[in-house]
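J.: Enclosed is the structure file final_11.pdb (PDB, C-alpha atoms).
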```pdb
MODEL        1
ATOM      1  CA  MET A   1     197.158 228.131   4.417
ATOM      2  CA  GLU A   2     195.520 224.778   3.763
ATOM      3  CA  GLY A   3     197.627 222.649   1.431
ATOM      4  CA  THR A   4     200.961 223.669   2.959
ATOM      5  CA  PHE A   5     203.755 221.148   2.614
ATOM      6  CA  GLY A   6     205.855 222.158   5.627
ATOM      7  CA  PRO A   7     209.603 222.898   5.664
ATOM      8  CA  ASN A   8     211.797 219.956   4.694
ATOM      9  CA  SER A   9     208.766 217.703   4.401
ATOM     10  CA  ASP A  10     208.856 214.408   2.531
ATOM     11  CA  ARG A  11     206.595 215.957  -0.093
ATOM     12  CA  GLN A  12     209.024 218.829  -0.659
ATOM     13  CA  GLU A  13     211.896 216.392  -1.005
ATOM     14  CA  ARG A  14     209.972 214.404  -3.599
ATOM     15  CA  ILE A  15     209.118 217.555  -5.547
ATOM     16  CA  ALA A  16     212.745 218.663  -5.471
ATOM     17  CA  GLY A  17     213.787 215.306  -6.911
ATOM     18  CA  ALA A  18     211.196 215.598  -9.671
ATOM     19  CA  LEU A  19     212.466 219.046 -10.687
ATOM     20  CA  ARG A  20     215.971 217.852 -11.514
ATOM     21  CA  ARG A  21     217.022 215.206 -13.980
ATOM     22  CA  PRO A  22     218.571 212.149 -12.345
ATOM     23  CA  GLU A  23     222.332 211.859 -12.411
ATOM     24  CA  GLY A  24     223.270 210.091 -15.611
ATOM     25  CA  GLY A  25     219.680 210.258 -16.849
ATOM     26  CA  SER A  26     217.672 212.494 -19.148
ATOM     27  CA  CYS A  27     215.038 215.221 -18.852
ATOM     28  CA  HIS A  28     211.860 214.746 -16.853
ATOM     29  CA  ILE A  29     208.733 215.032 -19.011
ATOM     30  CA  MET A  30     205.912 217.410 -18.125
ATOM     31  CA  GLY A  31     202.726 216.626 -20.048
ATOM     32  CA  VAL A  32     200.552 219.537 -21.181
ATOM     33  CA  LEU A  33     196.925 219.222 -20.047
ATOM     34  CA  ASN A  34     194.882 222.117 -21.450
ATOM     35  CA  ILE A  35     191.300 222.489 -20.265
ATOM     36  CA  THR A  36     190.713 225.289 -22.759
ATOM     37  CA  PRO A  37     188.758 225.752 -25.995
ATOM     38  CA  ASP A  38     191.432 227.897 -27.664
ATOM     39  CA  SER A  39     194.961 226.596 -27.022
ATOM     40  CA  PHE A  40     197.172 227.011 -30.079
ATOM     41  CA  HIS A  41     197.542 223.241 -30.644
ATOM     42  CA  GLU A  42     193.990 222.159 -31.364
ATOM     43  CA  GLN A  43     194.564 218.473 -30.571
ATOM     44  CA  SER A  44     195.638 219.363 -27.019
ATOM     45  CA  ARG A  45     192.319 220.947 -26.033
ATOM     46  CA  MET A  46     190.299 219.083 -23.422
ATOM     47  CA  THR A  47     186.570 219.783 -23.395
ATOM     48  CA  THR A  48     185.423 217.920 -20.261
ATOM     49  CA  THR A  49     186.815 217.193 -16.819
ATOM     50  CA  GLU A  50     186.626 213.436 -17.351
ATOM     51  CA  GLU A  51     188.454 213.648 -20.676
ATOM     52  CA  ALA A  52     191.225 215.690 -19.042
ATOM     53  CA  ILE A  53     191.565 213.271 -16.124
ATOM     54  CA  GLN A  54     191.758 210.211 -18.369
ATOM     55  CA  THR A  55     194.254 211.923 -20.675
ATOM     56  CA  GLY A  56     196.396 212.898 -17.692
ATOM     57  CA  LEU A  57     196.384 209.373 -16.296
ATOM     58  CA  ALA A  58     197.451 208.079 -19.709
ATOM     59  CA  MET A  59     200.293 210.615 -19.804
ATOM     60  CA  TRP A  60     201.574 209.455 -16.434
ATOM     61  CA  GLN A  61     201.364 205.866 -17.658
ATOM     62  CA  SER A  62     203.304 206.793 -20.800
ATOM     63  CA  GLY A  63     206.226 208.341 -18.947
ATOM     64  CA  ALA A  64     205.314 211.847 -17.796
ATOM     65  CA  VAL A  65     206.679 212.771 -14.381
ATOM     66  CA  TRP A  66     204.585 215.953 -14.271
ATOM     67  CA  LEU A  67     201.161 216.972 -15.533
ATOM     68  CA  ASP A  68     200.748 220.708 -16.169
ATOM     69  CA  VAL A  69     197.061 221.597 -15.817
ATOM     70  CA  GLY A  70     195.995 224.889 -17.388
ATOM     71  CA  GLY A  71     192.661 226.635 -17.804
ATOM     72  CA  GLU A  72     193.696 229.784 -19.680
ATOM     73  CA  SER A  73     195.303 229.944 -23.105
ATOM     74  CA  THR A  74     198.312 232.297 -23.124
ATOM     75  CA  ARG A  75     198.995 232.135 -26.851
ATOM     76  CA  PRO A  76     199.553 235.549 -28.474
ATOM     77  CA  GLY A  77     196.276 237.454 -28.571
ATOM     78  CA  ALA A  78     194.322 234.869 -26.589
ATOM     79  CA  ALA A  79     191.045 235.953 -25.014
ATOM     80  CA  LEU A  80     191.072 236.569 -21.279
ATOM     81  CA  VAL A  81     189.072 234.329 -18.983
ATOM     82  CA  THR A  82     187.919 235.255 -15.505
ATOM     83  CA  ALA A  83     189.584 233.789 -12.445
ATOM     84  CA  THR A  84     186.325 232.068 -11.589
ATOM     85  CA  GLU A  85     186.106 230.404 -14.997
ATOM     86  CA  GLU A  86     189.759 229.358 -14.905
ATOM     87  CA  GLN A  87     189.302 227.849 -11.462
ATOM     88  CA  GLN A  88     186.154 225.992 -12.537
ATOM     89  CA  ARG A  89     188.128 224.419 -15.352
ATOM     90  CA  VAL A  90     191.246 223.270 -13.502
ATOM     91  CA  ILE A  91     190.283 222.451  -9.918
ATOM     92  CA  PRO A  92     188.004 219.449 -10.665
ATOM     93  CA  VAL A  93     190.731 218.027 -12.908
ATOM     94  CA  ILE A  94     193.404 218.404 -10.241
ATOM     95  CA  GLU A  95     191.124 216.863  -7.628
ATOM     96  CA  GLY A  96     190.315 213.961  -9.940
ATOM     97  CA  LEU A  97     193.949 213.324 -10.806
ATOM     98  CA  ARG A  98     194.994 213.463  -7.160
ATOM     99  CA  LYS A  99     192.224 211.079  -6.155
ATOM    100  CA  ALA A 100     193.298 208.613  -8.846
ATOM    101  CA  ASN A 101     197.031 208.920  -8.148
ATOM    102  CA  SER A 102     198.281 210.112  -4.785
ATOM    103  CA  ASP A 103     201.946 210.066  -5.859
ATOM    104  CA  GLY A 104     201.936 211.684  -9.318
ATOM    105  CA  PHE A 105     203.269 215.223  -9.642
ATOM    106  CA  ILE A 106     200.810 217.936 -10.654
ATOM    107  CA  SER A 107     201.557 221.479 -11.769
ATOM    108  CA  VAL A 108     199.031 224.259 -12.228
ATOM    109  CA  ASP A 109     199.662 226.626 -15.138
ATOM    110  CA  THR A 110     198.266 229.959 -13.951
ATOM    111  CA  ARG A 111     199.044 233.654 -13.532
ATOM    112  CA  ARG A 112     196.461 234.155 -10.792
ATOM    113  CA  ALA A 113     197.183 233.787  -7.091
ATOM    114  CA  SER A 114     193.583 232.836  -6.299
ATOM    115  CA  VAL A 115     193.675 229.963  -8.799
ATOM    116  CA  ALA A 116     197.098 228.850  -7.577
ATOM    117  CA  ARG A 117     195.943 228.829  -3.968
ATOM    118  CA  ALA A 118     192.896 226.720  -4.818
ATOM    119  CA  ALA A 119     195.031 224.360  -6.910
ATOM    120  CA  ILE A 120     197.485 223.746  -4.066
ATOM    121  CA  LYS A 121     194.552 223.009  -1.776
ATOM    122  CA  ALA A 122     193.203 220.565  -4.394
ATOM    123  CA  GLY A 123     196.483 218.661  -4.550
ATOM    124  CA  ALA A 124     198.866 220.465  -6.931
ATOM    125  CA  ASP A 125     202.583 220.340  -6.135
ATOM    126  CA  LEU A 126     203.905 223.196  -8.265
ATOM    127  CA  ILE A 127     202.833 226.599  -9.594
ATOM    128  CA  ASN A 128     203.894 227.259 -13.192
ATOM    129  CA  ASP A 129     203.570 231.039 -13.544
ATOM    130  CA  VAL A 130     204.073 232.369 -17.091
ATOM    131  CA  SER A 131     204.086 235.924 -15.728
ATOM    132  CA  GLY A 132     207.170 235.198 -13.630
ATOM    133  CA  LEU A 133     205.798 236.011 -10.152
ATOM    134  CA  ARG A 134     205.012 239.632 -11.051
ATOM    135  CA  ASP A 135     202.081 239.524  -8.657
ATOM    136  CA  SER A 136     203.231 239.769  -5.031
ATOM    137  CA  ALA A 137     200.148 237.759  -4.050
ATOM    138  CA  MET A 138     201.518 234.839  -6.072
ATOM    139  CA  VAL A 139     204.805 235.103  -4.192
ATOM    140  CA  ASP A 140     202.816 234.898  -0.960
ATOM    141  CA  VAL A 141     201.106 231.694  -2.117
ATOM    142  CA  VAL A 142     204.468 230.100  -2.934
ATOM    143  CA  LEU A 143     206.052 231.084   0.367
ATOM    144  CA  GLU A 144     203.041 230.199   2.510
ATOM    145  CA  SER A 145     202.475 226.805   0.923
ATOM    146  CA  GLY A 146     206.094 225.760   0.419
ATOM    147  CA  CYS A 147     205.197 224.374  -3.006
ATOM    148  CA  GLY A 148     207.386 223.998  -6.063
ATOM    149  CA  VAL A 149     207.438 226.895  -8.506
ATOM    150  CA  CYS A 150     208.437 227.448 -12.116
ATOM    151  CA  ILE A 151     209.263 231.080 -12.892
ATOM    152  CA  MET A 152     208.872 231.874 -16.591
ATOM    153  CA  HIS A 153     210.078 234.973 -18.416
ATOM    154  CA  MET A 154     207.590 236.950 -20.484
ATOM    155  CA  GLN A 155     208.095 240.379 -22.010
ATOM    156  CA  GLY A 156     204.743 242.163 -21.868
ATOM    157  CA  THR A 157     201.485 240.228 -21.635
ATOM    158  CA  PRO A 158     199.915 237.559 -23.872
ATOM    159  CA  THR A 159     197.984 240.367 -25.565
ATOM    160  CA  THR A 160     201.072 242.481 -26.331
ATOM    161  CA  MET A 161     204.096 240.193 -26.077
ATOM    162  CA  GLN A 162     204.635 239.546 -29.797
ATOM    163  CA  LYS A 163     204.316 243.189 -30.848
ATOM    164  CA  GLU A 164     207.953 243.936 -31.700
ATOM    165  CA  PRO A 165     209.753 242.314 -28.726
ATOM    166  CA  SER A 166     213.125 243.935 -28.168
ATOM    167  CA  TYR A 167     216.334 243.066 -26.300
ATOM    168  CA  THR A 168     219.960 244.169 -26.463
ATOM    169  CA  LYS A 169     221.350 240.792 -25.365
ATOM    170  CA  CYS A 170     218.364 238.505 -25.018
ATOM    171  CA  ALA A 171     219.863 235.496 -23.227
ATOM    172  CA  GLU A 172     221.693 237.674 -20.708
ATOM    173  CA  GLU A 173     218.699 239.897 -20.015
ATOM    174  CA  VAL A 174     216.238 237.019 -19.651
ATOM    175  CA  SER A 175     218.527 234.994 -17.388
ATOM    176  CA  HIS A 176     219.301 238.067 -15.263
ATOM    177  CA  GLN A 177     215.622 238.764 -14.668
ATOM    178  CA  LEU A 178     214.815 235.118 -13.881
ATOM    179  CA  LEU A 179     217.739 234.761 -11.498
ATOM    180  CA  GLU A 180     216.871 238.026  -9.762
ATOM    181  CA  THR A 181     213.329 236.787  -9.098
ATOM    182  CA  ALA A 182     214.527 233.340  -8.003
ATOM    183  CA  ARG A 183     217.111 234.804  -5.641
ATOM    184  CA  ALA A 184     214.527 237.094  -4.064
ATOM    185  CA  LEU A 185     212.403 234.007  -3.404
ATOM    186  CA  LYS A 186     215.429 232.260  -1.912
ATOM    187  CA  THR A 187     216.155 235.273   0.319
ATOM    188  CA  ALA A 188     212.552 235.124   1.530
ATOM    189  CA  GLY A 189     213.184 231.557   2.673
ATOM    190  CA  HIS A 190     212.053 229.365  -0.223
ATOM    191  CA  PRO A 191     214.344 226.367  -0.926
ATOM    192  CA  ILE A 192     216.246 226.689  -4.210
ATOM    193  CA  GLU A 193     215.585 222.988  -4.808
ATOM    194  CA  LEU A 194     211.911 223.835  -5.313
ATOM    195  CA  ILE A 195     212.544 226.488  -7.987
ATOM    196  CA  ALA A 196     212.725 225.947 -11.756
ATOM    197  CA  LEU A 197     213.355 228.623 -14.387
ATOM    198  CA  ASP A 198     211.856 228.785 -17.882
ATOM    199  CA  PRO A 199     213.183 231.226 -20.536
ATOM    200  CA  GLY A 200     209.682 231.579 -21.991
ATOM    201  CA  ILE A 201     210.183 230.589 -25.608
ATOM    202  CA  GLY A 202     207.698 232.518 -27.755
ATOM    203  CA  PHE A 203     206.582 234.773 -24.905
ATOM    204  CA  GLY A 204     207.770 238.193 -26.036
ATOM    205  CA  LYS A 205     210.551 236.874 -28.274
ATOM    206  CA  ASN A 206     211.149 236.685 -32.011
ATOM    207  CA  LEU A 207     212.786 233.738 -33.747
ATOM    208  CA  ASP A 208     216.343 234.970 -33.208
ATOM    209  CA  HIS A 209     215.648 235.577 -29.515
ATOM    210  CA  ASN A 210     214.248 232.051 -29.122
ATOM    211  CA  ILE A 211     217.234 230.463 -30.834
ATOM    212  CA  GLU A 212     219.665 232.440 -28.685
ATOM    213  CA  LEU A 213     217.899 231.352 -25.501
ATOM    214  CA  LEU A 214     217.956 227.674 -26.470
ATOM    215  CA  GLN A 215     221.659 227.946 -27.247
ATOM    216  CA  HIS A 216     222.486 229.240 -23.740
ATOM    217  CA  PRO A 217     220.600 227.183 -21.136
ATOM    218  CA  ASP A 218     223.625 227.422 -18.838
ATOM    219  CA  LEU A 219     222.927 231.106 -18.192
ATOM    220  CA  MET A 220     219.634 230.225 -16.479
ATOM    221  CA  ARG A 221     221.204 228.051 -13.800
ATOM    222  CA  GLY A 222     223.215 230.677 -11.937
ATOM    223  CA  VAL A 223     225.777 229.709  -9.340
ATOM    224  CA  GLU A 224     222.971 228.085  -7.351
ATOM    225  CA  GLY A 225     222.225 225.527 -10.049
ATOM    226  CA  PHE A 226     218.506 226.210 -10.476
ATOM    227  CA  ALA A 227     216.519 223.634 -12.442
ATOM    228  CA  VAL A 228     215.771 224.622 -16.047
ATOM    229  CA  LEU A 229     212.523 223.928 -17.915
ATOM    230  CA  TRP A 230     211.987 224.240 -21.669
ATOM    231  CA  GLY A 231     208.501 224.643 -23.114
ATOM    232  CA  VAL A 232     208.949 224.588 -26.895
ATOM    233  CA  SER A 233     206.486 221.894 -27.902
ATOM    234  CA  ARG A 234     204.954 222.560 -31.357
ATOM    235  CA  LYS A 235     205.533 226.319 -31.039
ATOM    236  CA  SER A 236     205.747 228.795 -33.901
ATOM    237  CA  MET A 237     209.552 228.904 -33.894
ATOM    238  CA  ILE A 238     209.518 225.270 -34.991
ATOM    239  CA  GLY A 239     207.103 226.174 -37.748
ATOM    240  CA  ALA A 240     209.322 229.067 -38.821
ATOM    241  CA  ILE A 241     212.403 226.840 -39.049
ATOM    242  CA  THR A 242     210.764 223.790 -40.636
ATOM    243  CA  GLY A 243     208.136 225.502 -42.757
ATOM    244  CA  LYS A 244     205.325 223.663 -40.962
ATOM    245  CA  GLU A 245     202.522 226.208 -40.570
ATOM    246  CA  ASN A 246     200.133 223.857 -38.746
ATOM    247  CA  PRO A 247     201.111 223.071 -35.118
ATOM    248  CA  GLY A 248     199.827 219.543 -35.762
ATOM    249  CA  ASP A 249     202.737 218.985 -38.163
ATOM    250  CA  ARG A 250     205.527 220.047 -35.796
ATOM    251  CA  LEU A 251     206.187 216.863 -33.812
ATOM    252  CA  ALA A 252     209.461 215.988 -35.560
ATOM    253  CA  GLY A 253     210.834 219.480 -34.985
ATOM    254  CA  THR A 254     209.738 219.341 -31.352
ATOM    255  CA  LEU A 255     211.594 216.058 -30.885
ATOM    256  CA  GLY A 256     214.684 217.746 -32.327
ATOM    257  CA  VAL A 257     214.503 220.319 -29.547
ATOM    258  CA  ALA A 258     214.125 217.507 -26.998
ATOM    259  CA  ALA A 259     217.319 215.870 -28.267
ATOM    260  CA  VAL A 260     219.176 219.161 -27.791
ATOM    261  CA  ALA A 261     217.706 219.451 -24.289
ATOM    262  CA  HIS A 262     219.021 215.974 -23.472
ATOM    263  CA  TYR A 263     222.559 216.902 -24.460
ATOM    264  CA  GLU A 264     222.414 220.351 -22.815
ATOM    265  CA  GLY A 265     221.390 219.009 -19.419
ATOM    266  CA  VAL A 266     217.930 220.587 -19.313
ATOM    267  CA  ASP A 267     215.927 219.222 -16.394
ATOM    268  CA  LEU A 268     212.319 219.412 -17.588
ATOM    269  CA  LEU A 269     210.559 219.334 -20.949
ATOM    270  CA  ARG A 270     206.971 220.579 -21.150
ATOM    271  CA  VAL A 271     205.426 218.713 -24.098
ATOM    272  CA  HIS A 272     202.156 217.736 -25.737
ATOM    273  CA  ASP A 273     203.352 214.315 -26.934
ATOM    274  CA  VAL A 274     204.457 212.284 -23.937
ATOM    275  CA  THR A 275     204.834 208.838 -25.517
ATOM    276  CA  GLU A 276     207.041 210.050 -28.364
ATOM    277  CA  HIS A 277     209.274 212.044 -26.034
ATOM    278  CA  ALA A 278     209.575 209.173 -23.579
ATOM    279  CA  ASP A 279     210.705 206.856 -26.390
ATOM    280  CA  LEU A 280     213.223 209.401 -27.693
ATOM    281  CA  LEU A 281     214.740 210.040 -24.288
ATOM    282  CA  LYS A 282     214.962 206.319 -23.504
ATOM    283  CA  MET A 283     216.964 205.785 -26.684
ATOM    284  CA  LEU A 284     219.263 208.719 -25.913
ATOM    285  CA  ASP A 285     219.739 207.451 -22.368
ATOM    286  CA  VAL A 286     221.077 204.181 -23.719
ATOM    287  CA  LEU A 287     222.979 205.359 -26.782
ATOM    288  CA  ALA A 288     224.264 208.843 -25.921
TER
ENDMDL
END
```
With the file now loaded, output its structure as structure tokens.
T.:
Amino acid sequence: MEGTFGPNSDRQERIAGALRRPEGGSCHIMGVLNITPDSFHEQSRMTTTEEAIQTGLAMWQSGAVWLDVGGESTRPGAALVTATEEQQRVIPVIEGLRKANSDGFISVDTRRASVARAAIKAGADLINDVSGLRDSAMVDVVLESGCGVCIMHMQGTPTTMQKEPSYTKCAEEVSHQLLETARALKTAGHPIELIALDPGIGFGKNLDHNIELLQHPDLMRGVEGFAVLWGVSRKSMIGAITGKENPGDRLAGTLGVAAVAHYEGVDLLRVHDVTEHADLLKMLDVLA
């Protein structure tokens, strides 16, 4: 397929390096770039292609290693968008970012193989799939292109996921499912260095489940040492703990999670506020 990276290519090596924190350093930052009218954090919504491109360039300048471009809100109960509409939102942004910066790392946040395929062709380096590669067509895109991939755990769908989520041992069950999917990808020939795992905070989990997952990031790594991504920025669990109902008031709590991620060896942090996280992690790099 067009957009393939080729086995052991320089591009794959660069992506692999960007998926793991440097030795002795802190987490890589992934900036959230939502081209949606209904993402849960209102201030993160981009309304035009140009606005999204300029915001993404500013995020790179402020310290983001990755930009995660998404065209469909997956908050609980979010309205579905068609694949065509999602593609119309994200592809011009990815093309614009790639034209402006040939070296920056771009992720596409999508559940749809058709959107992922178009995004890779447009210049994306990684597929961030909140549905955890449930669609075999998405697996085909990953294997054919040789791109990076983030496999996230979600119980149910965005429409149903927060309707009484249930686990016996949440951290063990989530890590088992993620590792099973990652190992199947490895068996099919995909390099483990190009795979990251995300426990899916808030995606089919209650507060206790989320806390348990954040307390056991080691379970996600497996014997292979897969990269681990946390996406907790301004989410409802922070509101539940701090009493901040408005996502716009949850920055301090989000930075608290980032500090824990630093000490726990998490590789990637997906965040709305790049500058603040970059400053925090710089300080921890020096002082911790």
J.: What do you get, as a PyMOL selection string, if you spell out every residue that the PyMOL selection byres ((chain A and resi 50) around 12) selects here?
T.: chain A and resi 35+46-49+51-57+89-90+92-97+100
J.: For the provided coordinates, the residues matched by the PyMOL selection byres ((chain A and resi 195) around 7) should be stated as a ChimeraX atom specification.
T.: /A:148-150,192-194,196-197,226-227
J.: Grab the atom CA of Ile15 of chain A to atom CA of His190 of chain A distance for me, in Å with one decimal place.
T.: 13.3 Å
J.: Quick check on the file I pasted: which residues fall under the PyMOL selection byres ((chain A and resi 248-256) around 8)? Write them as a PyMOL selection string.
T.: chain A and resi 41-43+232-235+238-239+242+244-247+257-260+273+276-277+280
J.: So, counting only C-alpha atoms, which residue among A:Ala122, A:Cys147, A:Cys27, A:Val81 is closest to Asp10 of chain A?
T.: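 Among the listed residues, the smallest separation from Asp10 of chain A belongs to A:Cys147.
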J.: Take the point (196.4, 228.0, -13.4) as written in the file and pick out every residue within 10 Å of it, counting all atoms listed in the file; give the list as a PDB file with C-alpha atoms, keeping the file's coordinate frame.
T.:
```
ATOM      1  CA  ASP A  68     200.748 220.708 -16.169  1.00  0.00           C
ATOM      2  CA  VAL A  69     197.061 221.597 -15.817  1.00  0.00           C
ATOM      3  CA  GLY A  70     195.995 224.889 -17.388  1.00  0.00           C
ATOM      4  CA  GLY A  71     192.661 226.635 -17.804  1.00  0.00           C
ATOM      5  CA  GLU A  72     193.696 229.784 -19.680  1.00  0.00           C
ATOM      6  CA  SER A  73     195.303 229.944 -23.105  1.00  0.00           C
ATOM      7  CA  ALA A  83     189.584 233.789 -12.445  1.00  0.00           C
ATOM      8  CA  GLU A  86     189.759 229.358 -14.905  1.00  0.00           C
ATOM      9  CA  GLN A  87     189.302 227.849 -11.462  1.00  0.00           C
ATOM     10  CA  ARG A  89     188.128 224.419 -15.352  1.00  0.00           C
ATOM     11  CA  VAL A  90     191.246 223.270 -13.502  1.00  0.00           C
ATOM     12  CA  ILE A  91     190.283 222.451  -9.918  1.00  0.00           C
ATOM     13  CA  SER A 107     201.557 221.479 -11.769  1.00  0.00           C
ATOM     14  CA  VAL A 108     199.031 224.259 -12.228  1.00  0.00           C
ATOM     15  CA  ASP A 109     199.662 226.626 -15.138  1.00  0.00           C
ATOM     16  CA  THR A 110     198.266 229.959 -13.951  1.00  0.00           C
ATOM     17  CA  ARG A 111     199.044 233.654 -13.532  1.00  0.00           C
ATOM     18  CA  ARG A 112     196.461 234.155 -10.792  1.00  0.00           C
ATOM     19  CA  ALA A 113     197.183 233.787  -7.091  1.00  0.00           C
ATOM     20  CA  SER A 114     193.583 232.836  -6.299  1.00  0.00           C
ATOM     21  CA  VAL A 115     193.675 229.963  -8.799  1.00  0.00           C
ATOM     22  CA  ALA A 116     197.098 228.850  -7.577  1.00  0.00           C
ATOM     23  CA  ARG A 117     195.943 228.829  -3.968  1.00  0.00           C
ATOM     24  CA  ALA A 118     192.896 226.720  -4.818  1.00  0.00           C
ATOM     25  CA  ALA A 119     195.031 224.360  -6.910  1.00  0.00           C
ATOM     26  CA  ILE A 127     202.833 226.599  -9.594  1.00  0.00           C
ATOM     27  CA  ASN A 128     203.894 227.259 -13.192  1.00  0.00           C
ATOM     28  CA  ASP A 129     203.570 231.039 -13.544  1.00  0.00           C
ATOM     29  CA  VAL A 130     204.073 232.369 -17.091  1.00  0.00           C
TER      30      VAL A 130
END
```
J.: From the set A:Gly24, A:Gly3, A:Gly202, A:Gly31, which residue has the shortest atom-to-atom contact distance to Ala278 of chain A, counting only C-alpha atoms?
T.: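 Closest to Ala278 of chain A of all the choices is A:Gly31.
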J.: Pick out the closest residue to Ala18 of chain A from this set: A:Leu143, A:Val32, A:Leu229, A:Arg98. Count only C-alpha atoms.
T.: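 When distances to Ala18 of chain A are compared using only C-alpha atoms, the smallest one comes from A:Leu229.
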J.: Give me, as a list of chain:residue names, all polymer residues having an atom no more than 7 Å from Met30 of chain A, counting all atoms listed in the file and skipping those fewer than 6 positions away in the same chain.
T.: A:Ala64, A:Val65, A:Trp66, A:Leu67, A:Asp68, A:Leu268, A:Leu269, A:Arg270, A:Val271
